[in-house]
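For reference, upload_2.cif is printed below; it contains mmCIF, C-alpha atoms and all ligand atoms.
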data_final
#
loop_
_atom_site.label_atom_id
_atom_site.label_comp_id
_atom_site.auth_asym_id
_atom_site.auth_seq_id
_atom_site.Cartn_x
_atom_site.Cartn_y
_atom_site.Cartn_z
CA MET P 476 -55.66 10.55 40.20
CA ARG P 477 -52.84 10.47 37.65
CA THR P 478 -52.01 13.16 35.08
CA GLN P 479 -48.93 14.44 33.27
CA VAL P 480 -48.99 18.02 34.58
CA GLY P 481 -50.65 19.04 37.88
CA ILE P 482 -51.54 22.73 37.90
CA ILE P 483 -52.34 24.62 41.10
CA GLY P 484 -54.51 27.69 40.49
CA ALA P 485 -57.15 28.57 37.89
CA GLY P 486 -56.07 32.12 37.12
CA PRO P 487 -54.91 33.22 33.67
CA ALA P 488 -51.59 31.34 34.08
CA GLY P 489 -53.01 27.97 35.17
CA LEU P 490 -55.95 27.90 32.78
CA LEU P 491 -54.00 29.08 29.76
CA LEU P 492 -51.23 26.55 30.46
CA SER P 493 -53.79 23.76 30.64
CA HIS P 494 -55.25 24.92 27.31
CA LEU P 495 -51.82 25.18 25.60
CA LEU P 496 -50.85 21.71 26.86
CA HIS P 497 -54.14 20.27 25.62
CA LEU P 498 -53.36 21.64 22.12
CA LYS P 499 -50.04 19.78 22.28
CA GLY P 500 -51.70 16.55 23.43
CA ILE P 501 -50.44 16.81 27.03
CA ASP P 502 -52.83 15.93 29.85
CA SER P 503 -53.26 18.22 32.87
CA VAL P 504 -55.48 18.77 35.90
CA VAL P 505 -56.15 22.24 37.35
CA ILE P 506 -57.16 22.65 41.00
CA GLU P 507 -58.44 25.93 42.48
CA SER P 508 -59.41 26.98 45.98
CA ARG P 509 -62.13 29.39 44.86
CA THR P 510 -65.37 28.57 43.03
CA ARG P 511 -65.88 29.00 39.30
CA GLU P 512 -68.30 31.91 40.01
CA GLU P 513 -65.65 33.66 42.13
CA ILE P 514 -62.86 33.42 39.57
CA GLU P 515 -65.22 34.55 36.79
CA SER P 516 -66.28 37.67 38.69
CA THR P 517 -63.19 38.88 40.57
CA ILE P 518 -62.32 42.34 39.24
CA ARG P 519 -58.68 42.65 38.21
CA ALA P 520 -56.78 44.65 35.61
CA GLY P 521 -57.50 44.55 31.94
CA VAL P 522 -54.76 45.49 29.49
CA LEU P 523 -53.56 42.87 26.97
CA GLU P 524 -50.29 43.54 25.21
CA GLN P 525 -49.87 42.90 21.51
CA GLY P 526 -48.11 39.55 22.15
CA THR P 527 -50.90 38.42 24.50
CA MET P 528 -53.58 39.36 21.96
CA ASP P 529 -51.70 37.47 19.24
CA LEU P 530 -51.25 34.36 21.37
CA LEU P 531 -54.91 34.24 22.45
CA GLN P 532 -55.95 34.50 18.80
CA ASP P 533 -53.44 31.86 17.68
CA VAL P 534 -54.82 29.35 20.20
CA GLY P 535 -58.47 29.93 19.33
CA LEU P 536 -59.38 32.18 22.26
CA GLY P 537 -59.59 35.54 20.48
CA ASN P 538 -63.22 35.78 19.31
CA ARG P 539 -64.83 37.47 22.31
CA MET P 540 -61.69 39.52 22.98
CA VAL P 541 -61.87 40.98 19.47
CA ALA P 542 -65.66 41.48 19.58
CA GLU P 543 -65.98 42.88 23.10
CA GLY P 544 -62.53 44.21 24.01
CA ALA P 545 -61.47 47.69 22.94
CA LEU P 546 -58.42 48.03 20.71
CA HIS P 547 -56.40 51.08 21.76
CA GLN P 548 -53.69 52.59 19.58
CA GLY P 549 -52.57 55.18 22.09
CA PHE P 550 -53.10 56.67 25.55
CA GLU P 551 -52.81 60.06 27.18
CA LEU P 552 -50.47 61.42 29.82
CA THR P 553 -51.51 64.55 31.71
CA PHE P 554 -49.39 66.66 34.06
CA GLU P 555 -48.97 70.34 34.95
CA GLY P 556 -52.21 71.14 33.14
CA GLU P 557 -50.88 69.68 29.87
CA ARG P 558 -52.37 66.79 27.82
CA HIS P 559 -50.16 64.64 25.64
CA ARG P 560 -50.91 61.57 23.53
CA ILE P 561 -48.56 58.60 23.26
CA ASP P 562 -49.34 57.14 19.84
CA LEU P 563 -48.48 53.49 20.40
CA THR P 564 -49.16 52.37 16.86
CA ASP P 565 -47.26 55.19 15.20
CA LEU P 566 -44.29 54.65 17.54
CA THR P 567 -44.19 50.84 17.59
CA GLY P 568 -46.53 49.44 14.93
CA HIS P 569 -48.47 47.71 17.72
CA ALA P 570 -51.48 48.28 19.96
CA ILE P 571 -53.12 46.97 23.15
CA THR P 572 -56.61 45.68 23.94
CA VAL P 573 -58.55 46.65 27.05
CA TYR P 574 -60.37 43.43 27.99
CA ALA P 575 -60.97 42.54 31.64
CA GLN P 576 -59.01 39.68 33.14
CA HIS P 577 -62.17 37.93 34.35
CA GLU P 578 -63.45 37.91 30.76
CA VAL P 579 -60.22 36.16 29.71
CA ILE P 580 -60.86 33.70 32.55
CA LYS P 581 -64.42 33.03 31.33
CA ASP P 582 -63.10 32.30 27.82
CA LEU P 583 -60.43 29.97 29.20
CA VAL P 584 -62.80 28.06 31.49
CA ALA P 585 -65.30 27.66 28.63
CA ALA P 586 -62.54 26.27 26.36
CA ARG P 587 -61.32 23.82 29.00
CA VAL P 588 -64.84 22.65 29.81
CA ALA P 589 -65.69 22.24 26.09
CA ALA P 590 -62.55 20.10 25.62
CA GLY P 591 -63.45 17.91 28.62
CA GLY P 592 -60.52 19.31 30.64
CA LYS P 593 -60.32 18.46 34.33
CA LEU P 594 -60.88 21.50 36.57
CA VAL P 595 -61.49 21.04 40.29
CA PHE P 596 -62.89 24.08 42.12
CA GLY P 597 -63.31 24.70 45.84
CA VAL P 598 -60.31 22.70 47.06
CA SER P 599 -58.62 23.38 50.42
CA ASN P 600 -55.45 22.44 52.33
CA THR P 601 -53.41 22.02 49.15
CA SER P 602 -49.87 20.72 49.66
CA LEU P 603 -47.01 19.77 47.34
CA HIS P 604 -44.95 16.58 47.77
CA ASP P 605 -41.74 15.08 46.40
CA VAL P 606 -41.13 17.93 43.94
CA GLU P 607 -37.41 17.12 44.05
CA SER P 608 -38.13 13.66 42.64
CA THR P 609 -39.47 12.69 39.19
CA LYS P 610 -42.75 11.57 40.80
CA PRO P 611 -44.18 14.65 42.52
CA SER P 612 -47.73 14.85 43.83
CA ILE P 613 -50.33 17.36 45.02
CA ARG P 614 -52.67 16.66 47.93
CA TYR P 615 -55.86 18.60 48.67
CA GLU P 616 -59.23 18.31 50.32
CA LYS P 617 -62.53 18.56 48.53
CA ASP P 618 -65.96 17.98 50.11
CA ASP P 619 -64.32 16.33 53.18
CA ASP P 620 -62.35 13.88 51.01
CA THR P 621 -58.56 13.88 50.80
CA CYS P 622 -57.40 13.60 47.19
CA GLU P 623 -54.01 13.17 45.57
CA ILE P 624 -52.79 13.94 42.07
CA HIS P 625 -49.71 12.01 40.91
CA CYS P 626 -47.95 13.72 38.05
CA ASP P 627 -44.64 14.32 36.25
CA PHE P 628 -44.60 18.07 36.92
CA VAL P 629 -46.27 20.48 39.35
CA ILE P 630 -46.90 24.01 38.11
CA GLY P 631 -47.63 26.61 40.80
CA CYS P 632 -50.00 29.22 39.35
CA ASP P 633 -51.56 29.95 42.75
CA GLY P 634 -50.69 33.63 43.19
CA SER P 635 -48.53 35.30 45.79
CA GLN P 636 -50.37 33.73 48.77
CA GLY P 637 -50.64 30.14 47.48
CA PRO P 638 -48.64 27.16 48.81
CA SER P 639 -46.39 26.64 45.75
CA ARG P 640 -43.68 29.24 46.30
CA SER P 641 -43.22 28.17 49.92
CA ALA P 642 -42.63 24.59 48.69
CA ILE P 643 -39.23 25.89 47.50
CA PRO P 644 -36.90 25.75 50.53
CA GLU P 645 -35.92 29.16 52.00
CA ALA P 646 -32.26 28.31 51.53
CA VAL P 647 -32.50 28.18 47.73
CA ARG P 648 -34.97 31.06 47.24
CA LYS P 649 -33.85 34.47 46.02
CA ASP P 650 -36.70 36.91 46.60
CA HIS P 651 -36.57 40.60 45.66
CA GLN P 652 -39.18 43.07 46.86
CA ARG P 653 -40.04 46.77 46.90
CA LEU P 654 -43.08 48.19 48.69
CA TYR P 655 -44.66 51.52 47.71
CA PRO P 656 -46.11 53.83 50.36
CA PHE P 657 -49.43 54.20 48.54
CA GLY P 658 -52.30 52.21 47.06
CA TRP P 659 -54.93 52.61 44.35
CA PHE P 660 -58.56 53.31 45.06
CA GLY P 661 -60.50 51.65 42.22
CA ILE P 662 -64.11 52.22 41.20
CA LEU P 663 -66.47 50.70 38.65
CA VAL P 664 -68.94 53.19 37.26
CA GLU P 665 -72.06 52.90 35.16
CA ALA P 666 -71.37 55.62 32.60
CA PRO P 667 -70.26 56.14 29.02
CA PRO P 668 -66.48 56.43 28.51
CA SER P 669 -64.96 59.74 29.60
CA SER P 670 -62.33 59.37 26.90
CA ASP P 671 -61.64 57.18 23.86
CA GLU P 672 -58.27 56.21 25.34
CA LEU P 673 -56.76 55.57 28.77
CA ILE P 674 -55.55 58.65 30.65
CA TYR P 675 -52.64 58.42 33.12
CA ALA P 676 -52.47 61.61 35.21
CA ARG P 677 -49.73 62.99 37.42
CA HIS P 678 -51.13 65.62 39.76
CA ASP P 679 -49.86 67.32 42.91
CA ARG P 680 -52.74 65.62 44.79
CA GLY P 681 -51.57 62.23 43.46
CA PHE P 682 -51.91 59.88 40.50
CA ALA P 683 -55.22 59.09 38.72
CA LEU P 684 -56.17 56.79 35.85
CA ILE P 685 -59.16 56.61 33.51
CA SER P 686 -59.74 53.17 32.03
CA THR P 687 -62.75 51.38 30.60
CA ARG P 688 -64.56 48.06 30.67
CA SER P 689 -67.32 48.46 28.08
CA PRO P 690 -69.38 51.21 26.42
CA THR P 691 -71.49 51.37 29.60
CA VAL P 692 -69.01 50.49 32.40
CA GLN P 693 -65.89 52.50 33.25
CA ARG P 694 -62.91 51.73 35.50
CA MET P 695 -61.16 54.58 37.30
CA TYR P 696 -58.43 54.71 39.92
CA PHE P 697 -56.75 57.31 42.11
CA GLN P 698 -53.73 57.08 44.38
CA CYS P 699 -54.65 56.76 48.06
CA ASP P 700 -53.23 55.73 51.42
CA PRO P 701 -53.07 51.90 51.34
CA ARG P 702 -54.41 51.80 54.93
CA ASP P 703 -57.42 53.95 54.05
CA SER P 704 -60.85 52.34 53.95
CA VAL P 705 -63.53 52.54 51.25
CA GLU P 706 -66.05 53.60 53.95
CA ASN P 707 -64.19 56.92 54.24
CA TRP P 708 -64.99 57.72 50.61
CA SER P 709 -68.51 58.86 49.77
CA ASP P 710 -69.37 59.04 46.07
CA ASP P 711 -69.22 62.86 46.25
CA ARG P 712 -65.76 62.79 47.77
CA ILE P 713 -64.53 60.36 45.08
CA TRP P 714 -65.87 62.53 42.24
CA SER P 715 -64.38 65.72 43.63
CA GLU P 716 -60.99 63.99 43.96
CA LEU P 717 -61.15 62.64 40.40
CA HIS P 718 -62.21 66.02 39.02
CA ALA P 719 -59.39 67.75 40.90
CA ARG P 720 -56.77 65.39 39.49
CA LEU P 721 -58.09 64.89 35.96
CA ASP P 722 -60.23 67.77 34.65
CA GLN P 723 -58.51 69.91 32.05
CA ALA P 724 -58.43 73.64 31.34
CA ASP P 725 -59.67 72.95 27.78
CA GLY P 726 -63.05 71.93 29.24
CA TRP P 727 -62.58 68.12 29.29
CA ARG P 728 -64.14 66.63 32.44
CA VAL P 729 -64.48 63.14 33.91
CA THR P 730 -67.98 61.79 33.16
CA GLU P 731 -69.77 60.82 36.38
CA GLY P 732 -72.15 57.89 36.82
CA ARG P 733 -73.41 55.42 39.42
CA ILE P 734 -70.47 53.91 41.35
CA PHE P 735 -71.23 50.23 41.96
CA GLN P 736 -67.90 48.92 43.24
CA LYS P 737 -65.09 50.40 45.35
CA ASN P 738 -61.82 48.74 46.38
CA ILE P 739 -58.30 49.61 47.55
CA VAL P 740 -55.22 47.71 46.43
CA GLY P 741 -51.69 48.00 47.82
CA MET P 742 -48.74 48.38 45.47
CA ARG P 743 -45.57 46.34 45.43
CA SER P 744 -42.93 44.88 43.19
CA PHE P 745 -41.76 41.32 43.85
CA VAL P 746 -39.63 38.78 41.97
CA SER P 747 -38.69 35.26 42.93
CA ASN P 748 -35.44 34.82 41.03
CA VAL P 749 -35.82 31.05 41.43
CA MET P 750 -38.83 29.83 39.44
CA GLN P 751 -37.97 26.12 39.29
CA HIS P 752 -37.17 23.62 42.00
CA GLY P 753 -36.85 20.05 40.74
CA ARG P 754 -40.16 19.24 39.06
CA LEU P 755 -41.93 22.33 40.49
CA PHE P 756 -42.25 25.45 38.31
CA LEU P 757 -43.79 28.78 39.34
CA ALA P 758 -45.74 30.92 36.86
CA GLY P 759 -47.57 34.25 37.11
CA ASP P 760 -48.19 36.01 40.44
CA SER P 761 -46.72 33.13 42.46
CA ALA P 762 -43.34 34.19 41.08
CA HIS P 763 -43.66 37.93 40.52
CA ILE P 764 -45.85 40.96 41.27
CA VAL P 765 -45.78 44.33 39.50
CA PRO P 766 -47.54 47.54 40.55
CA PRO P 767 -50.46 48.02 38.12
CA THR P 768 -49.19 51.30 36.63
CA GLY P 769 -47.44 49.50 33.76
CA ALA P 770 -50.44 47.20 33.07
CA LYS P 771 -48.17 44.15 32.90
CA GLY P 772 -49.46 41.56 35.42
CA MET P 773 -51.57 39.29 33.25
CA ASN P 774 -49.19 39.64 30.30
CA LEU P 775 -46.29 38.30 32.34
CA ALA P 776 -48.39 35.33 33.44
CA VAL P 777 -49.20 34.58 29.81
CA ASN P 778 -45.56 34.79 28.81
CA ASP P 779 -44.45 32.43 31.60
CA VAL P 780 -46.84 29.69 30.56
CA LYS P 781 -46.03 30.10 26.89
CA ILE P 782 -42.39 29.28 27.71
CA LEU P 783 -43.42 26.42 30.02
CA ALA P 784 -45.72 24.89 27.40
CA GLU P 785 -42.85 24.84 24.90
CA GLY P 786 -40.51 23.28 27.47
CA LEU P 787 -43.03 20.60 28.46
CA ASP P 788 -43.74 19.89 24.80
CA SER P 789 -40.07 19.21 24.06
CA PHE P 790 -39.86 17.03 27.19
CA TYR P 791 -42.77 14.84 26.10
CA LYS P 792 -41.86 14.82 22.39
CA ASN P 793 -38.06 14.46 22.58
CA GLY P 794 -37.31 13.62 26.19
CA THR P 795 -35.14 16.73 26.51
CA GLU P 796 -35.24 18.93 29.61
CA ASP P 797 -32.97 21.72 28.32
CA LYS P 798 -35.81 24.14 27.62
CA LEU P 799 -37.44 23.41 30.96
CA ASN P 800 -34.17 23.92 32.78
CA ALA P 801 -33.70 27.25 31.01
CA TYR P 802 -37.22 28.38 32.05
CA THR P 803 -36.17 30.65 34.93
CA ALA P 804 -33.47 32.42 32.92
CA THR P 805 -35.69 32.81 29.85
CA ALA P 806 -38.77 34.06 31.73
CA LEU P 807 -36.79 36.42 33.97
CA GLN P 808 -35.64 38.50 31.00
CA ARG P 809 -39.15 39.73 30.30
CA ILE P 810 -40.08 39.76 33.99
CA TRP P 811 -37.26 42.13 34.95
CA ARG P 812 -37.97 44.34 31.93
CA ALA P 813 -41.60 44.60 33.08
CA GLU P 814 -40.49 45.11 36.71
CA HIS P 815 -38.32 48.03 35.66
CA PHE P 816 -41.00 49.54 33.43
CA SER P 817 -43.70 49.21 36.11
CA TRP P 818 -41.43 50.74 38.75
CA TRP P 819 -40.52 53.55 36.32
CA MET P 820 -44.14 54.41 35.43
CA THR P 821 -45.05 54.25 39.13
CA SER P 822 -42.15 56.51 40.13
CA MET P 823 -42.84 59.02 37.37
CA LEU P 824 -46.56 59.40 38.00
CA HIS P 825 -47.20 59.10 41.76
CA ARG P 826 -46.94 61.59 44.58
CA PHE P 827 -44.33 60.49 47.13
CA ALA P 828 -44.90 62.01 50.58
CA ASP P 829 -41.16 62.48 51.12
CA ALA P 830 -40.46 63.98 47.65
CA THR P 831 -38.53 67.24 47.76
CA PRO P 832 -39.30 70.06 45.26
CA PHE P 833 -36.16 68.86 43.43
CA ASP P 834 -37.64 65.34 43.10
CA GLN P 835 -40.92 66.78 41.83
CA GLN P 836 -39.15 68.80 39.14
CA LEU P 837 -37.34 65.64 38.02
CA GLN P 838 -40.69 63.85 37.62
CA VAL P 839 -42.09 66.67 35.49
CA SER P 840 -38.93 66.87 33.40
CA GLU P 841 -39.05 63.13 32.73
CA LEU P 842 -42.70 63.38 31.66
CA ARG P 843 -41.81 66.29 29.34
CA TYR P 844 -39.03 64.16 27.85
CA VAL P 845 -41.26 61.13 27.11
CA THR P 846 -43.97 63.38 25.65
CA SER P 847 -41.78 65.67 23.55
CA SER P 848 -38.94 63.47 22.27
CA ARG P 849 -39.76 60.69 19.81
CA ALA P 850 -36.94 58.60 21.30
CA GLY P 851 -38.35 59.10 24.82
CA ALA P 852 -41.91 58.35 23.71
CA THR P 853 -40.77 55.22 21.85
CA ALA P 854 -39.02 53.88 24.95
CA LEU P 855 -42.27 54.22 26.86
CA ALA P 856 -44.48 52.91 24.04
CA GLU P 857 -42.43 49.79 23.21
CA ASN P 858 -42.46 48.76 26.86
CA TYR P 859 -46.19 49.44 27.15
CA VAL P 860 -47.14 47.31 24.12
CA GLY P 861 -44.78 44.63 25.41
CA MET P 862 -41.26 44.52 23.96
CA VAL P 863 -42.27 42.53 20.91
CA GLY P 864 -38.59 42.13 20.03
CA LEU P 865 -37.69 40.21 23.22
CA SER P 866 -37.45 36.54 22.30
CA HIS P 867 -39.75 35.71 25.21
C1 LIG H 1 -57.55 48.64 34.25
O1 LIG H 1 -58.31 48.89 33.31
O2 LIG H 1 -57.93 48.02 35.25
C2 LIG H 1 -56.14 49.11 34.19
C3 LIG H 1 -55.68 49.76 33.04
C4 LIG H 1 -54.37 50.21 32.99
C5 LIG H 1 -53.53 50.03 34.07
C6 LIG H 1 -53.98 49.38 35.21
C7 LIG H 1 -55.29 48.92 35.27
O3 LIG H 1 -52.25 50.50 34.02
#
This structure in structure tokens:
Amino acid sequence: MRTQVGIIGAGPAGLLLSHLLHLKGIDSVVIESRTREEIESTIRAGVLEQGTMDLLQDVGLGNRMVAEGALHQGFELTFEGERHRIDLTDLTGHAITVYAQHEVIKDLVAARVAAGGKLVFGVSNTSLHDVESTKPSIRYEKDDDTCEIHCDFVIGCDGSQGPSRSAIPEAVRKDHQRLYPFGWFGILVEAPPSSDELIYARHDRGFALISTRSPTVQRMYFQCDPRDSVENWSDDRIWSELHARLDQADGWRVTEGRIFQKNIVGMRSFVSNVMQHGRLFLAGDSAHIVPPTGAKGMNLAVNDVKILAEGLDSFYKNGTEDKLNAYTATALQRIWRAEHFSWWMTSMLHRFADATPFDQQLQVSELRYVTSSRAGATALAENYVGMVGLSH
């Protein structure tokens, strides 16, 4: 099989890139190890920054997001029994949309299928070849056949565990990582929203977050031991933990409902400071991971492929590789901003087992600063809605 751009991974990065390239008249093939049903149902995060919302609308993918997503103009921070609102729109002129990642995936798959795009699901043993030459290829197995895609570029959108990043030799890689000694316990609940806006809570028992999926399905999280197991958490135990961390003296309480999904995710920060090797480019989680506290993961993936699509467009239109060769440096500006913001939100809101009383007072003081000073609140808000002023 021959195409211009071979894309490994049908997550938000791979699918959106394929769609953006199609709009520019560039041919691509997307391969994915999971099935279409799996990628359309895997529960991930769900906050779209202003720039992500704008891009999806500009490229014809905004209809369901606008109709079914929830536009939020602020969120709440709670700590020490206090409730504070961060008014994103007043502070920045922008907003965010809560719209689940798998809904974005459904919209992207539908658009690719409608345009006759080539998507191959359920592949295995994927490997990358000759990425240092101008004729790279991707090999994989599908239904006991060995297949090969010959292309001009390989784009690795295959997440942190996929084969693409390891196709860059150790000697040229520059990886940066920080692990956090806690995880998030996530639940999906059949209930009306507890709150009109997201609530991020710092509590002596640990962090908690109220988010939403729809008028009838809510998403909630609380900090836990990453080695804990969902079997240790009965519904009653989960509700009493959420009430302890979130309920307010003014009478506001978390609304309970039927819990129909429980999961635990670990938390880490990771950046591959090399995102290009010859004709191989990494985008999304294959190149960087953020802890979910800053709600940045999918937005970074979208930004990466926006830059790549522009670079590939100028290659095919003008034969120039300057933009492509600047990809790593351009993308890393926003990536490191989001890495810092996600680390900052995580550090400010979580309980660290080794924190001294001094450290705890610093956390509270920082929260008071971002909730009482307009300058402090603006710093938080402009990062949360996505640094609209950054060129990429
Ligand atoms: C979510 O709705 O899953 C969500 C929202 C905000 C976050 C992380 C996850 O910071």
Under the rule of at most 7 Å, produce a per-residue listing of chain P near ligand LIG 1 (chain H): chain, number, name, the closest pair of atoms, and the distance in Å, as JSON lines, using all atoms listed in the file.
{"residue": "P:Arg519", "atom": "CA", "partner": "H:LIG1", "partner_atom": "O2", "distance": 6.2}
{"residue": "P:Ala520", "atom": "CA", "partner": "H:LIG1", "partner_atom": "O2", "distance": 3.6}
{"residue": "P:Gly521", "atom": "CA", "partner": "H:LIG1", "partner_atom": "O1", "distance": 4.6}
{"residue": "P:Val522", "atom": "CA", "partner": "H:LIG1", "partner_atom": "C3", "distance": 5.6}
{"residue": "P:Val573", "atom": "CA", "partner": "H:LIG1", "partner_atom": "O1", "distance": 6.7}
{"residue": "P:Ser686", "atom": "CA", "partner": "H:LIG1", "partner_atom": "O1", "distance": 4.7}
{"residue": "P:Thr687", "atom": "CA", "partner": "H:LIG1", "partner_atom": "O1", "distance": 5.8}
{"residue": "P:Arg688", "atom": "CA", "partner": "H:LIG1", "partner_atom": "O1", "distance": 6.8}
{"residue": "P:Arg694", "atom": "CA", "partner": "H:LIG1", "partner_atom": "O1", "distance": 5.8}
{"residue": "P:Pro767", "atom": "CA", "partner": "H:LIG1", "partner_atom": "C6", "distance": 4.8}
{"residue": "P:Thr768", "atom": "CA", "partner": "H:LIG1", "partner_atom": "O3", "distance": 4.1}
{"residue": "P:Gly769", "atom": "CA", "partner": "H:LIG1", "partner_atom": "O3", "distance": 4.9}
{"residue": "P:Ala770", "atom": "CA", "partner": "H:LIG1", "partner_atom": "O3", "distance": 3.9}
Would you please work out which residue, of P:His547, P:Arg539, P:His678, P:Arg648, is nearest to Arg826 of chain P when using all atoms listed in the file? P:His678
Return the single residue from P:Leu755, P:Val692, P:Val860, P:Ala683 that is closest to Thr553 of chain P, with distances computed using only C-alpha atoms.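 Among P:Leu755, P:Val692, P:Val860, P:Ala683, it is P:Ala683 that comes nearest to Thr553 of chain P.
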All residues 10 Å or closer to Leu721 of chain P, all atoms listed in the file, same chain fewer than 5 positions away omitted, as a list of chain:residue names: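 Contacts, with the query itself left out: P:Thr553, P:Phe554, P:Gly556, P:Ile674, P:Tyr675, P:Ala676, P:Arg677, P:His678, P:Phe682, P:Ala683, P:Leu684, P:Ile685, P:Phe697, P:Ser715, P:Glu716, P:Trp727, P:Arg728, P:Val729.
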Just give me the gap between atom CA of Arg558 of chain P and atom CA of Trp818 of chain P in Å, one decimal is fine.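 Taking atom CA of Arg558 of chain P and atom CA of Trp818 of chain P, their separation equals 22.3 Å.
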Would you list the residues near (-51.9, 45.6, 50.6), meaning any protein, DNA or RNA residue with an atom at most 10 Å from that point in file coordinates, counting all atoms listed in the file, as number ranges by chain? P: 654-655, 657-659, 701-702, 739-743
Would you mind listing, for every residue of segment 633-702 of chain P within 9 Å of segment 602-625 of chain P, the two atoms forming the shortest contact and the distance between them in Å to one decimal, using all atoms listed in the file, sorted by chain and ascending residue number, as JSON lines?
{"residue": "P:Pro638", "atom": "CA", "partner": "P:Ser602", "partner_atom": "CA", "distance": 6.6}
{"residue": "P:Ser639", "atom": "CA", "partner": "P:Leu603", "partner_atom": "CA", "distance": 7.1}
{"residue": "P:Ala642", "atom": "CA", "partner": "P:Leu603", "partner_atom": "CA", "distance": 6.7}
{"residue": "P:Ile643", "atom": "CA", "partner": "P:Val606", "partner_atom": "CA", "distance": 8.9}
Once you have the residues from the selection above, write them out as a PDB file, in the frame of the given file, restricted to C-alpha atoms.
ATOM      1  CA  PRO P 638     -48.640  27.160  48.810  1.00  0.00           C
ATOM      2  CA  SER P 639     -46.390  26.640  45.750  1.00  0.00           C
ATOM      3  CA  ALA P 642     -42.630  24.590  48.690  1.00  0.00           C
ATOM      4  CA  ILE P 643     -39.230  25.890  47.500  1.00  0.00           C
TER       5      ILE P 643
END
What does the structure give for the distance between atom CA of His763 of chain P and atom CA of Gly786 of chain P, in Å to one decimal?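 Going from atom CA of His763 of chain P over to atom CA of Gly786 of chain P covers 19.9 Å.
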Find the residues around Leu663 of chain P up to 6 Å (all atoms listed in the file counted), leave out those fewer than 6 positions away in its own chain, and share them as an NGL selection string. :P and (693-694 or 734-736)
Which one is closest to Ile782 of chain P: P:Thr805, P:Tyr844, P:Pro766, P:Val664? Count all atoms listed in the file.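 Smallest distance to Ile782 of chain P is found for P:Thr805.
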Non-local contacts of Asp760 of chain P (8 Å; only C-alpha atoms; under 3 positions in same chain excluded) as a PyMOL selection string: chain P and resi 632-635+763-764+772+776
Could you jot down the atom CA of Leu824 of chain P to atom CA of Glu841 of chain P separation for me, Å, one decimal place? 9.9 Å
Could you check the closest approach to Ser761 of chain P for each of P:Ile630, P:Val595, P:Ala813, P:Leu807 and tell me which residue wins, using only C-alpha atoms?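 Checking each candidate against Ser761 of chain P, we get P:Ile630 as the closest.
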Pick the closest to Phe827 of chain P from P:Asp779, P:Asp679, P:Asp533, P:Glu578: which is it, counting only C-alpha atoms?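 Ranked by minimum distance to Phe827 of chain P, first place goes to P:Asp679.
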With distances taken over all atoms listed in the file, which of P:Phe550, P:Trp714, P:Tyr696, P:Tyr574 is nearest to Ser670 of chain P?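 Using all atoms listed in the file, Ser670 of chain P sits closest to P:Phe550.
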Write out as an NGL selection string the residues lying within 12 Å of Asp788 of chain P, counting only C-alpha atoms and excluding same-chain residues fewer than 2 positions away. :P and (479-480 or 492 or 495-502 or 780-786 or 790-799)
Save out the residues we just selected, C-alpha atoms, as a tab-separated table (two decimals), in the frame of the given file.
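Result file follows (part_34.tsv):
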chain	number	residue	atom	x	y	z
P	479	GLN	CA	-48.93	14.44	33.27
P	480	VAL	CA	-48.99	18.02	34.58
P	492	LEU	CA	-51.23	26.55	30.46
P	495	LEU	CA	-51.82	25.18	25.60
P	496	LEU	CA	-50.85	21.71	26.86
P	497	HIS	CA	-54.14	20.27	25.62
P	498	LEU	CA	-53.36	21.64	22.12
P	499	LYS	CA	-50.04	19.78	22.28
P	500	GLY	CA	-51.70	16.55	23.43
P	501	ILE	CA	-50.44	16.81	27.03
P	502	ASP	CA	-52.83	15.93	29.85
P	780	VAL	CA	-46.84	29.69	30.56
P	781	LYS	CA	-46.03	30.10	26.89
P	782	ILE	CA	-42.39	29.28	27.71
P	783	LEU	CA	-43.42	26.42	30.02
P	784	ALA	CA	-45.72	24.89	27.40
P	785	GLU	CA	-42.85	24.84	24.90
P	786	GLY	CA	-40.51	23.28	27.47
P	790	PHE	CA	-39.86	17.03	27.19
P	791	TYR	CA	-42.77	14.84	26.10
P	792	LYS	CA	-41.86	14.82	22.39
P	793	ASN	CA	-38.06	14.46	22.58
P	794	GLY	CA	-37.31	13.62	26.19
P	795	THR	CA	-35.14	16.73	26.51
P	796	GLU	CA	-35.24	18.93	29.61
P	797	ASP	CA	-32.97	21.72	28.32
P	798	LYS	CA	-35.81	24.14	27.62
P	799	LEU	CA	-37.44	23.41	30.96
From (-58.9, 27.0, 30.6), in the file's coordinates, out to 10 Å: which residues are reached, counting all atoms listed in the file? Answer as number ranges by chain. P: 485-495, 497, 505, 536, 579-590, 592-594
Write a file for segment 835-839 of chain P of the given structure; include N, CA and C atoms and format it as a CSV table (one decimal), in the first residue's frame.
chain,number,residue,atom,x,y,z
P,835,GLN,N,2.2,22.3,53.8
P,835,GLN,CA,0.7,22.4,53.6
P,835,GLN,C,0.3,23.9,53.7
P,836,GLN,N,0.9,24.7,54.6
P,836,GLN,CA,0.6,26.1,54.6
P,836,GLN,C,0.9,26.8,53.3
P,837,LEU,N,2.0,26.4,52.7
P,837,LEU,CA,2.3,27.0,51.4
P,837,LEU,C,1.2,26.7,50.3
P,838,GLN,N,0.7,25.5,50.3
P,838,GLN,CA,-0.3,25.1,49.4
P,838,GLN,C,-1.6,26.0,49.6
P,839,VAL,N,-2.0,26.2,50.9
P,839,VAL,CA,-3.2,27.0,51.2
P,839,VAL,C,-2.9,28.4,50.8
